Amino acid sequence: MEYSISQILEQKEHRSWNYPSKKWSYYQEWNNALFFHYEVDKNILQDLVPDNLEIDLINGKAWVSVVAFAMERIRPHFLPSVSSISNFGEINVRTYVTKDNKPGVYFLSIEAEKLMSAILAKSLSGLPYEKSTIKRTKNSYQAQHALKGFSLGVDYHIGMEIKHKNELDLFLTERYCLYLNKGKDLFRYEIQHLPWNLNQLELDYLQLDYKLGNLILDSNPNFIHYSTGVQVVAWEKEKL
């Protein structure tokens, strides 16, 4: 079901804080998302996360997720989307952080299917977008970042809907801001979307290889999800 932006903004009961009162800046959709979640050593993560962010833990455990999805219809507030630039495959590697009682995500890596999309997204957002080779079919997702040696290959089918989300489901998906560091400065992007609808993800084949510093993700994940996606409204970044 597609919602209007006013409908997205109207629903706030699922959030732990309100979104900004000023006008939103960007609209985008994160569709057909595959989540591969890894429980990791907090001490390894500490070297990859800025000192002014606290690593968010659940039951004393730190997590990193590799998320492969279709970025679609991304556009500024007053302009239409242009499919040749606005629609592309994306993979991000993210961890979970918090500051000022606002739990969010911090990106360790972001790959985009199209060169121009990567350039524009990095220029406009400051986030660490890089071009990667990404190909997707209905039940597979393939990616190769030759320069960094990242790779992902997965064949899958979608399982049953998760009707009753547990604490870990919510911790790993319901995040309403993201953090960005540039030099000594830290920024927060506030976002709004409706709660993720989640399904079980059934894997027929998985090959995943990501190495960032001492963080090595090359085994089967501890936890996986699929989602048809969310419609996202975002605000301009705020310097903290």
# chains A, B, ... in the order shown; residues from 1 in each chain; ligands from 1

call {"tool": "residues_around", "arguments": {"residues": "A:Lys102", "least_positions_apart": "5", "cutoff": "10 Å", "atoms": "only C-alpha atoms", "output": "CSV table (one decimal) with N, CA, C and O atoms, in the first residue's frame"}}
result
chain,number,residue,atom,x,y,z
A,16,SER,N,9.7,7.1,19.5
A,16,SER,CA,10.0,7.5,20.9
A,16,SER,C,10.3,9.0,21.0
A,16,SER,O,10.5,9.5,22.1
A,17,TRP,N,10.4,9.7,19.9
A,17,TRP,CA,10.5,11.2,19.9
A,17,TRP,C,9.9,11.7,18.7
A,17,TRP,O,9.8,11.0,17.7
A,97,VAL,N,23.8,2.9,17.0
A,97,VAL,CA,24.4,3.9,17.9
A,97,VAL,C,23.3,4.8,18.5
A,97,VAL,O,22.2,4.7,18.1
A,175,ARG,N,14.5,2.5,13.5
A,175,ARG,CA,15.5,3.6,13.8
A,175,ARG,C,15.1,4.8,13.0
A,175,ARG,O,14.8,4.8,11.8
A,176,TYR,N,15.0,6.0,13.7
A,176,TYR,CA,14.5,7.2,13.1
A,176,TYR,C,15.4,8.3,13.0
A,176,TYR,O,15.0,9.5,12.9
A,177,CYS,N,16.7,8.0,13.0
A,177,CYS,CA,17.7,9.0,12.6
A,177,CYS,C,19.0,8.2,12.2
A,177,CYS,O,19.2,7.0,12.5
A,178,LEU,N,19.9,8.9,11.6
A,178,LEU,CA,21.2,8.4,11.2
A,178,LEU,C,22.2,9.5,11.5
A,178,LEU,O,22.0,10.7,11.5
A,188,ARG,N,23.3,14.8,12.6
A,188,ARG,CA,22.2,13.9,12.7
A,188,ARG,C,21.2,14.2,11.6
A,188,ARG,O,20.8,15.3,11.4
A,190,GLU,N,17.4,13.4,10.7
A,190,GLU,CA,16.2,12.9,11.2
A,190,GLU,C,15.3,12.3,10.1
A,190,GLU,O,15.3,12.9,9.0

call {"tool": "residues_around", "arguments": {"residues": "stretch 124-137 of chain A", "least_positions_apart": "5", "cutoff": "7 Å", "atoms": "only C-alpha atoms", "output": "PyMOL selection string"}}
result
chain A and resi 89+109-115+118+142-145+180

call {"tool": "residues_around", "arguments": {"residues": "stretch 43-58 of chain A", "least_positions_apart": "4", "cutoff": "8 Å", "atoms": "only C-alpha atoms", "output": "JSON, numbers by chain"}}
result
{"A": [62, 63, 95, 96, 97, 98, 99, 103, 106, 108, 168, 171, 181, 186, 213, 214, 215]}

call {"tool": "select_by_dssp", "arguments": {"residues": "stretch 3-225 of chain A", "states": "helix (DSSP H, G or I)", "output": "ChimeraX atom specification"}}
result
/A:5-10,42-46,83-86,115-125,167-173

call {"tool": "select_by_dssp", "arguments": {"residues": "stretch 31-113 of chain A", "states": "strand (DSSP E)", "output": "CSV table (one decimal) with N, CA, C and O atoms, in the first residue's frame"}}
result
chain,number,residue,atom,x,y,z
A,31,ASN,N,13.1,-0.2,-0.8
A,31,ASN,CA,12.2,-1.3,-1.2
A,31,ASN,C,12.9,-2.6,-1.3
A,31,ASN,O,14.1,-2.7,-1.6
A,32,ASN,N,12.1,-3.7,-1.1
A,32,ASN,CA,12.6,-5.1,-1.3
A,32,ASN,C,13.9,-5.3,-0.5
A,32,ASN,O,15.0,-5.6,-1.2
A,33,ALA,N,13.9,-5.1,0.7
A,33,ALA,CA,15.1,-5.1,1.6
A,33,ALA,C,15.5,-6.4,2.1
A,33,ALA,O,14.6,-7.1,2.7
A,34,LEU,N,16.7,-6.8,2.0
A,34,LEU,CA,17.3,-8.0,2.6
A,34,LEU,C,18.2,-7.5,3.8
A,34,LEU,O,19.1,-6.7,3.6
A,35,PHE,N,17.9,-8.0,5.0
A,35,PHE,CA,18.7,-7.7,6.2
A,35,PHE,C,19.5,-8.9,6.6
A,35,PHE,O,18.9,-10.0,6.9
A,36,PHE,N,20.8,-8.7,6.7
A,36,PHE,CA,21.7,-9.8,7.3
A,36,PHE,C,22.4,-9.2,8.5
A,36,PHE,O,23.2,-8.3,8.5
A,37,HIS,N,22.0,-9.7,9.7
A,37,HIS,CA,22.4,-9.1,11.0
A,37,HIS,C,23.4,-10.0,11.6
A,37,HIS,O,23.3,-11.2,11.8
A,38,TYR,N,24.5,-9.3,12.2
A,38,TYR,CA,25.6,-10.0,12.8
A,38,TYR,C,25.8,-9.5,14.2
A,38,TYR,O,25.9,-8.3,14.4
A,39,GLU,N,25.9,-10.4,15.2
A,39,GLU,CA,26.3,-10.0,16.5
A,39,GLU,C,27.8,-9.9,16.5
A,39,GLU,O,28.5,-10.8,16.0
A,40,VAL,N,28.4,-8.8,17.0
A,40,VAL,CA,29.8,-8.5,16.9
A,40,VAL,C,30.4,-8.0,18.2
A,40,VAL,O,29.7,-7.6,19.1
A,54,GLU,N,27.8,6.8,21.1
A,54,GLU,CA,27.7,5.6,21.9
A,54,GLU,C,27.2,4.4,21.1
A,54,GLU,O,26.1,4.5,20.5
A,55,ILE,N,27.9,3.3,21.1
A,55,ILE,CA,27.4,2.1,20.5
A,55,ILE,C,26.2,1.6,21.3
A,55,ILE,O,26.2,1.4,22.5
A,62,ALA,N,26.4,-6.0,20.8
A,62,ALA,CA,26.5,-5.0,19.7
A,62,ALA,C,26.2,-5.8,18.4
A,62,ALA,O,26.4,-6.9,18.2
A,63,TRP,N,25.6,-5.0,17.4
A,63,TRP,CA,25.2,-5.6,16.1
A,63,TRP,C,25.6,-4.8,15.0
A,63,TRP,O,25.7,-3.5,15.0
A,64,VAL,N,25.9,-5.4,13.8
A,64,VAL,CA,26.1,-4.8,12.5
A,64,VAL,C,25.2,-5.5,11.5
A,64,VAL,O,25.0,-6.7,11.6
A,65,SER,N,24.7,-4.7,10.6
A,65,SER,CA,23.8,-5.3,9.6
A,65,SER,C,24.3,-4.9,8.2
A,65,SER,O,24.7,-3.8,8.0
A,66,VAL,N,24.2,-5.9,7.3
A,66,VAL,CA,24.4,-5.6,5.9
A,66,VAL,C,23.0,-5.6,5.3
A,66,VAL,O,22.2,-6.6,5.4
A,67,VAL,N,22.6,-4.5,4.6
A,67,VAL,CA,21.2,-4.3,4.1
A,67,VAL,C,21.3,-4.1,2.6
A,67,VAL,O,21.9,-3.1,2.2
A,68,ALA,N,20.7,-4.9,1.8
A,68,ALA,CA,20.7,-4.8,0.4
A,68,ALA,C,19.3,-4.6,-0.1
A,68,ALA,O,18.3,-5.3,0.3
A,69,PHE,N,19.1,-3.5,-0.8
A,69,PHE,CA,17.7,-3.1,-1.2
A,69,PHE,C,17.7,-2.3,-2.4
A,69,PHE,O,18.7,-2.0,-3.0
A,70,ALA,N,16.5,-1.8,-2.8
A,70,ALA,CA,16.3,-0.9,-3.9
A,70,ALA,C,16.0,0.5,-3.4
A,70,ALA,O,15.0,0.7,-2.8
A,71,MET,N,16.9,1.4,-3.7
A,71,MET,CA,16.6,2.8,-3.4
A,71,MET,C,15.8,3.3,-4.6
A,71,MET,O,16.2,3.2,-5.7
A,72,GLU,N,14.6,3.9,-4.3
A,72,GLU,CA,13.7,4.3,-5.4
A,72,GLU,C,13.1,5.6,-5.1
A,72,GLU,O,12.9,6.0,-3.9
A,73,ARG,N,12.9,6.4,-6.2
A,73,ARG,CA,12.1,7.7,-6.2
A,73,ARG,C,12.7,8.7,-5.2
A,73,ARG,O,12.0,9.5,-4.7
A,74,ILE,N,14.0,8.7,-5.0
A,74,ILE,CA,14.6,9.6,-4.1
A,74,ILE,C,14.6,11.0,-4.8
A,74,ILE,O,14.9,11.1,-6.0
A,75,ARG,N,14.2,12.0,-4.1
A,75,ARG,CA,14.1,13.4,-4.7
A,75,ARG,C,14.1,14.4,-3.6
A,75,ARG,O,13.7,14.2,-2.4
A,76,PRO,N,14.5,15.7,-3.9
A,76,PRO,CA,14.4,16.8,-3.0
A,76,PRO,C,12.9,17.1,-2.9
A,76,PRO,O,12.1,16.8,-3.7
A,88,PHE,N,18.1,2.9,-7.8
A,88,PHE,CA,19.3,2.1,-8.0
A,88,PHE,C,19.4,1.1,-6.8
A,88,PHE,O,18.8,1.3,-5.7
A,89,GLY,N,20.2,0.1,-7.1
A,89,GLY,CA,20.5,-0.9,-6.0
A,89,GLY,C,21.5,-0.3,-5.0
A,89,GLY,O,22.4,0.4,-5.4
A,90,GLU,N,21.2,-0.6,-3.7
A,90,GLU,CA,22.1,-0.1,-2.7
A,90,GLU,C,22.4,-1.2,-1.7
A,90,GLU,O,21.5,-2.0,-1.4
A,91,ILE,N,23.6,-1.2,-1.2
A,91,ILE,CA,24.0,-2.0,0.0
A,91,ILE,C,24.7,-1.2,1.0
A,91,ILE,O,25.6,-0.4,0.7
A,92,ASN,N,24.2,-1.2,2.2
A,92,ASN,CA,24.9,-0.5,3.3
A,92,ASN,C,25.2,-1.5,4.4
A,92,ASN,O,24.6,-2.4,4.7
A,93,VAL,N,26.4,-1.1,5.0
A,93,VAL,CA,26.8,-1.8,6.2
A,93,VAL,C,26.6,-0.8,7.4
A,93,VAL,O,27.2,0.2,7.3
A,94,ARG,N,25.8,-1.2,8.3
A,94,ARG,CA,25.5,-0.2,9.4
A,94,ARG,C,25.6,-0.8,10.7
A,94,ARG,O,25.4,-2.0,10.9
A,95,THR,N,25.8,0.0,11.7
A,95,THR,CA,25.8,-0.4,13.1
A,95,THR,C,24.8,0.5,13.8
A,95,THR,O,24.3,1.5,13.3
A,96,TYR,N,24.6,0.2,15.1
A,96,TYR,CA,23.6,0.8,15.9
A,96,TYR,C,24.2,1.7,17.0
A,96,TYR,O,25.0,1.2,17.8
A,97,VAL,N,23.8,2.9,17.0
A,97,VAL,CA,24.4,3.9,17.9
A,97,VAL,C,23.3,4.8,18.5
A,97,VAL,O,22.2,4.7,18.1
A,98,THR,N,23.7,5.5,19.5
A,98,THR,CA,22.8,6.4,20.2
A,98,THR,C,23.5,7.7,20.7
A,98,THR,O,24.7,7.6,21.0
A,99,LYS,N,22.8,8.8,20.7
A,99,LYS,CA,23.2,10.0,21.3
A,99,LYS,C,22.0,10.9,21.7
A,99,LYS,O,21.0,11.0,20.9
A,102,LYS,N,18.6,9.5,21.4
A,102,LYS,CA,18.0,9.2,20.0
A,102,LYS,C,18.8,8.1,19.4
A,102,LYS,O,19.8,8.3,18.7
A,103,PRO,N,18.3,6.9,19.5
A,103,PRO,CA,19.0,5.7,18.9
A,103,PRO,C,18.9,5.8,17.3
A,103,PRO,O,17.8,6.1,16.8
A,104,GLY,N,20.0,5.6,16.6
A,104,GLY,CA,20.0,5.6,15.2
A,104,GLY,C,21.0,4.7,14.6
A,104,GLY,O,21.4,3.7,15.3
A,105,VAL,N,21.3,4.9,13.4
A,105,VAL,CA,22.3,4.0,12.7
A,105,VAL,C,23.5,4.9,12.3
A,105,VAL,O,23.4,6.1,12.1
A,106,TYR,N,24.6,4.2,12.1
A,106,TYR,CA,25.9,4.8,11.7
A,106,TYR,C,26.4,3.9,10.5
A,106,TYR,O,26.5,2.7,10.7
A,107,PHE,N,26.6,4.5,9.4
A,107,PHE,CA,27.0,3.7,8.2
A,107,PHE,C,28.5,3.5,8.2
A,107,PHE,O,29.3,4.5,8.1
A,108,LEU,N,28.9,2.3,8.1
A,108,LEU,CA,30.3,1.9,7.9
A,108,LEU,C,30.7,1.9,6.4
A,108,LEU,O,31.9,2.1,6.1
A,109,SER,N,29.7,1.7,5.6
A,109,SER,CA,30.0,1.6,4.1
A,109,SER,C,28.6,1.7,3.4
A,109,SER,O,27.6,1.2,3.9
A,110,ILE,N,28.6,2.3,2.2
A,110,ILE,CA,27.4,2.4,1.4
A,110,ILE,C,27.9,2.2,-0.1
A,110,ILE,O,28.7,2.9,-0.6
A,111,GLU,N,27.2,1.2,-0.8
A,111,GLU,CA,27.5,1.0,-2.2
A,111,GLU,C,26.3,1.3,-3.0
A,111,GLU,O,25.1,1.0,-2.5
A,112,ALA,N,26.5,1.9,-4.2
A,112,ALA,CA,25.4,2.2,-5.1
A,112,ALA,C,25.6,1.6,-6.4
A,112,ALA,O,26.8,1.6,-6.9

call {"tool": "atom_distance", "arguments": {"atom1": "atom CA of A:Trp30", "atom2": "atom CA of A:Ser227"}}
result
9.2 Å

call {"tool": "atom_distance", "arguments": {"atom1": "atom CA of A:Ser151", "atom2": "atom CA of A:Asp209"}}
result
5.2 Å

call {"tool": "atom_distance", "arguments": {"atom1": "atom CA of A:Gln200", "atom2": "atom CA of A:Tyr156"}}
result
10.6 Å

call {"tool": "residues_around", "arguments": {"residues": "A:Ile191", "least_positions_apart": "2", "cutoff": "8 Å", "atoms": "only C-alpha atoms", "output": "list in words"}}
result
Tyr19, Tyr176, Cys177, Leu178, Tyr189, His193, Val232, Val233, Ala234 and Trp235 of chain A

call {"tool": "decode", "arguments": {"residues": "stretch 1-14 of chain A", "atoms": "all heavy atoms", "output": "PDB file, in the first residue's frame"}}
result
ATOM      1  N   MET A   1       0.841  -1.196   0.000  1.00  0.00           N
ATOM      2  CA  MET A   1       0.000   0.000   0.000  1.00  0.00           C
ATOM      3  C   MET A   1       0.874   1.242   0.000  1.00  0.00           C
ATOM      4  O   MET A   1       1.830   1.342   0.771  1.00  0.00           O
ATOM      5  CB  MET A   1      -0.914   0.003   1.227  1.00  0.00           C
ATOM      6  CG  MET A   1      -1.789   1.226   1.339  1.00  0.00           C
ATOM      7  SD  MET A   1      -2.899   1.132   2.776  1.00  0.00           S
ATOM      8  CE  MET A   1      -3.716   2.708   2.638  1.00  0.00           C
ATOM      9  N   GLU A   2       0.576   2.182  -0.872  1.00  0.00           N
ATOM     10  CA  GLU A   2       1.337   3.418  -0.926  1.00  0.00           C
ATOM     11  C   GLU A   2       0.609   4.497  -0.132  1.00  0.00           C
ATOM     12  O   GLU A   2      -0.599   4.673  -0.232  1.00  0.00           O
ATOM     13  CB  GLU A   2       1.535   3.878  -2.368  1.00  0.00           C
ATOM     14  CG  GLU A   2       2.388   5.133  -2.473  1.00  0.00           C
ATOM     15  CD  GLU A   2       2.827   5.431  -3.888  1.00  0.00           C
ATOM     16  OE1 GLU A   2       2.736   4.518  -4.747  1.00  0.00           O
ATOM     17  OE2 GLU A   2       3.262   6.561  -4.138  1.00  0.00           O
ATOM     18  N   TYR A   3       1.385   5.225   0.669  1.00  0.00           N
ATOM     19  CA  TYR A   3       0.837   6.282   1.504  1.00  0.00           C
ATOM     20  C   TYR A   3       1.248   7.648   0.962  1.00  0.00           C
ATOM     21  O   TYR A   3       2.317   7.799   0.360  1.00  0.00           O
ATOM     22  CB  TYR A   3       1.345   6.145   2.941  1.00  0.00           C
ATOM     23  CG  TYR A   3       0.892   4.886   3.634  1.00  0.00           C
ATOM     24  CD1 TYR A   3       1.648   3.721   3.572  1.00  0.00           C
ATOM     25  CD2 TYR A   3      -0.308   4.862   4.347  1.00  0.00           C
ATOM     26  CE1 TYR A   3       1.227   2.559   4.209  1.00  0.00           C
ATOM     27  CE2 TYR A   3      -0.728   3.709   4.993  1.00  0.00           C
ATOM     28  CZ  TYR A   3       0.041   2.563   4.917  1.00  0.00           C
ATOM     29  OH  TYR A   3      -0.372   1.418   5.540  1.00  0.00           O
ATOM     30  N   SER A   4       0.412   8.637   1.197  1.00  0.00           N
ATOM     31  CA  SER A   4       0.789  10.011   0.890  1.00  0.00           C
ATOM     32  C   SER A   4       1.777  10.494   1.942  1.00  0.00           C
ATOM     33  O   SER A   4       1.860   9.939   3.047  1.00  0.00           O
ATOM     34  CB  SER A   4      -0.444  10.912   0.862  1.00  0.00           C
ATOM     35  OG  SER A   4      -0.971  11.050   2.167  1.00  0.00           O
ATOM     36  N   ILE A   5       2.512  11.545   1.622  1.00  0.00           N
ATOM     37  CA  ILE A   5       3.460  12.083   2.597  1.00  0.00           C
ATOM     38  C   ILE A   5       2.727  12.585   3.833  1.00  0.00           C
ATOM     39  O   ILE A   5       3.203  12.394   4.967  1.00  0.00           O
ATOM     40  CB  ILE A   5       4.323  13.178   1.943  1.00  0.00           C
ATOM     41  CG1 ILE A   5       5.267  12.527   0.927  1.00  0.00           C
ATOM     42  CG2 ILE A   5       5.109  13.961   3.001  1.00  0.00           C
ATOM     43  CD1 ILE A   5       6.119  13.485   0.149  1.00  0.00           C
ATOM     44  N   SER A   6       1.568  13.181   3.655  1.00  0.00           N
ATOM     45  CA  SER A   6       0.804  13.649   4.826  1.00  0.00           C
ATOM     46  C   SER A   6       0.410  12.474   5.718  1.00  0.00           C
ATOM     47  O   SER A   6       0.428  12.588   6.952  1.00  0.00           O
ATOM     48  CB  SER A   6      -0.435  14.431   4.379  1.00  0.00           C
ATOM     49  OG  SER A   6      -1.315  13.611   3.631  1.00  0.00           O
ATOM     50  N   GLN A   7       0.079  11.318   5.137  1.00  0.00           N
ATOM     51  CA  GLN A   7      -0.261  10.141   5.941  1.00  0.00           C
ATOM     52  C   GLN A   7       0.966   9.625   6.701  1.00  0.00           C
ATOM     53  O   GLN A   7       0.858   9.183   7.848  1.00  0.00           O
ATOM     54  CB  GLN A   7      -0.821   9.040   5.048  1.00  0.00           C
ATOM     55  CG  GLN A   7      -2.224   9.317   4.525  1.00  0.00           C
ATOM     56  CD  GLN A   7      -2.688   8.268   3.538  1.00  0.00           C
ATOM     57  OE1 GLN A   7      -1.939   7.855   2.640  1.00  0.00           O
ATOM     58  NE2 GLN A   7      -3.930   7.834   3.682  1.00  0.00           N
ATOM     59  N   ILE A   8       2.139   9.673   6.055  1.00  0.00           N
ATOM     60  CA  ILE A   8       3.374   9.245   6.717  1.00  0.00           C
ATOM     61  C   ILE A   8       3.677  10.145   7.906  1.00  0.00           C
ATOM     62  O   ILE A   8       4.059   9.684   8.983  1.00  0.00           O
ATOM     63  CB  ILE A   8       4.544   9.250   5.716  1.00  0.00           C
ATOM     64  CG1 ILE A   8       4.308   8.228   4.606  1.00  0.00           C
ATOM     65  CG2 ILE A   8       5.873   8.956   6.423  1.00  0.00           C
ATOM     66  CD1 ILE A   8       5.264   8.341   3.438  1.00  0.00           C
ATOM     67  N   LEU A   9       3.483  11.445   7.719  1.00  0.00           N
ATOM     68  CA  LEU A   9       3.782  12.405   8.777  1.00  0.00           C
ATOM     69  C   LEU A   9       2.759  12.376   9.908  1.00  0.00           C
ATOM     70  O   LEU A   9       3.079  12.719  11.048  1.00  0.00           O
ATOM     71  CB  LEU A   9       3.871  13.813   8.194  1.00  0.00           C
ATOM     72  CG  LEU A   9       5.029  14.059   7.208  1.00  0.00           C
ATOM     73  CD1 LEU A   9       4.931  15.456   6.613  1.00  0.00           C
ATOM     74  CD2 LEU A   9       6.374  13.853   7.891  1.00  0.00           C
ATOM     75  N   GLU A  10       1.552  11.955   9.607  1.00  0.00           N
ATOM     76  CA  GLU A  10       0.495  11.933  10.620  1.00  0.00           C
ATOM     77  C   GLU A  10       0.738  10.885  11.701  1.00  0.00           C
ATOM     78  O   GLU A  10       0.347  11.068  12.853  1.00  0.00           O
ATOM     79  CB  GLU A  10      -0.864  11.632   9.955  1.00  0.00           C
ATOM     80  CG  GLU A  10      -1.505  12.822   9.287  1.00  0.00           C
ATOM     81  CD  GLU A  10      -2.733  12.411   8.481  1.00  0.00           C
ATOM     82  OE1 GLU A  10      -3.099  11.211   8.514  1.00  0.00           O
ATOM     83  OE2 GLU A  10      -3.309  13.271   7.797  1.00  0.00           O
ATOM     84  N   GLN A  11       1.365   9.771  11.340  1.00  0.00           N
ATOM     85  CA  GLN A  11       1.480   8.641  12.267  1.00  0.00           C
ATOM     86  C   GLN A  11       2.793   8.733  13.039  1.00  0.00           C
ATOM     87  O   GLN A  11       3.870   8.600  12.463  1.00  0.00           O
ATOM     88  CB  GLN A  11       1.398   7.328  11.500  1.00  0.00           C
ATOM     89  CG  GLN A  11       0.073   7.165  10.763  1.00  0.00           C
ATOM     90  CD  GLN A  11      -0.105   5.784  10.179  1.00  0.00           C
ATOM     91  OE1 GLN A  11       0.188   4.784  10.829  1.00  0.00           O
ATOM     92  NE2 GLN A  11      -0.590   5.720   8.946  1.00  0.00           N
ATOM     93  N   LYS A  12       2.678   8.957  14.348  1.00  0.00           N
ATOM     94  CA  LYS A  12       3.854   9.167  15.182  1.00  0.00           C
ATOM     95  C   LYS A  12       3.906   8.228  16.384  1.00  0.00           C
ATOM     96  O   LYS A  12       4.892   8.224  17.124  1.00  0.00           O
ATOM     97  CB  LYS A  12       3.867  10.616  15.704  1.00  0.00           C
ATOM     98  CG  LYS A  12       3.751  11.691  14.645  1.00  0.00           C
ATOM     99  CD  LYS A  12       3.665  13.068  15.294  1.00  0.00           C
ATOM    100  CE  LYS A  12       3.386  14.159  14.274  1.00  0.00           C
ATOM    101  NZ  LYS A  12       3.290  15.498  14.913  1.00  0.00           N
ATOM    102  N   GLU A  13       2.857   7.445  16.590  1.00  0.00           N
ATOM    103  CA  GLU A  13       2.755   6.682  17.826  1.00  0.00           C
ATOM    104  C   GLU A  13       3.834   5.604  17.960  1.00  0.00           C
ATOM    105  O   GLU A  13       4.108   5.109  19.058  1.00  0.00           O
ATOM    106  CB  GLU A  13       1.363   6.044  17.956  1.00  0.00           C
ATOM    107  CG  GLU A  13       1.011   5.029  16.885  1.00  0.00           C
ATOM    108  CD  GLU A  13       0.493   5.654  15.590  1.00  0.00           C
ATOM    109  OE1 GLU A  13       0.413   6.896  15.493  1.00  0.00           O
ATOM    110  OE2 GLU A  13       0.168   4.873  14.669  1.00  0.00           O
ATOM    111  N   HIS A  14       4.457   5.215  16.848  1.00  0.00           N
ATOM    112  CA  HIS A  14       5.487   4.188  16.884  1.00  0.00           C
ATOM    113  C   HIS A  14       6.869   4.750  17.218  1.00  0.00           C
ATOM    114  O   HIS A  14       7.824   3.994  17.356  1.00  0.00           O
ATOM    115  CB  HIS A  14       5.549   3.461  15.531  1.00  0.00           C
ATOM    116  CG  HIS A  14       5.820   4.368  14.358  1.00  0.00           C
ATOM    117  ND1 HIS A  14       4.908   5.294  13.916  1.00  0.00           N
ATOM    118  CD2 HIS A  14       6.896   4.495  13.547  1.00  0.00           C
ATOM    119  CE1 HIS A  14       5.398   5.951  12.870  1.00  0.00           C
ATOM    120  NE2 HIS A  14       6.608   5.477  12.637  1.00  0.00           N
TER     121      HIS A  14
END
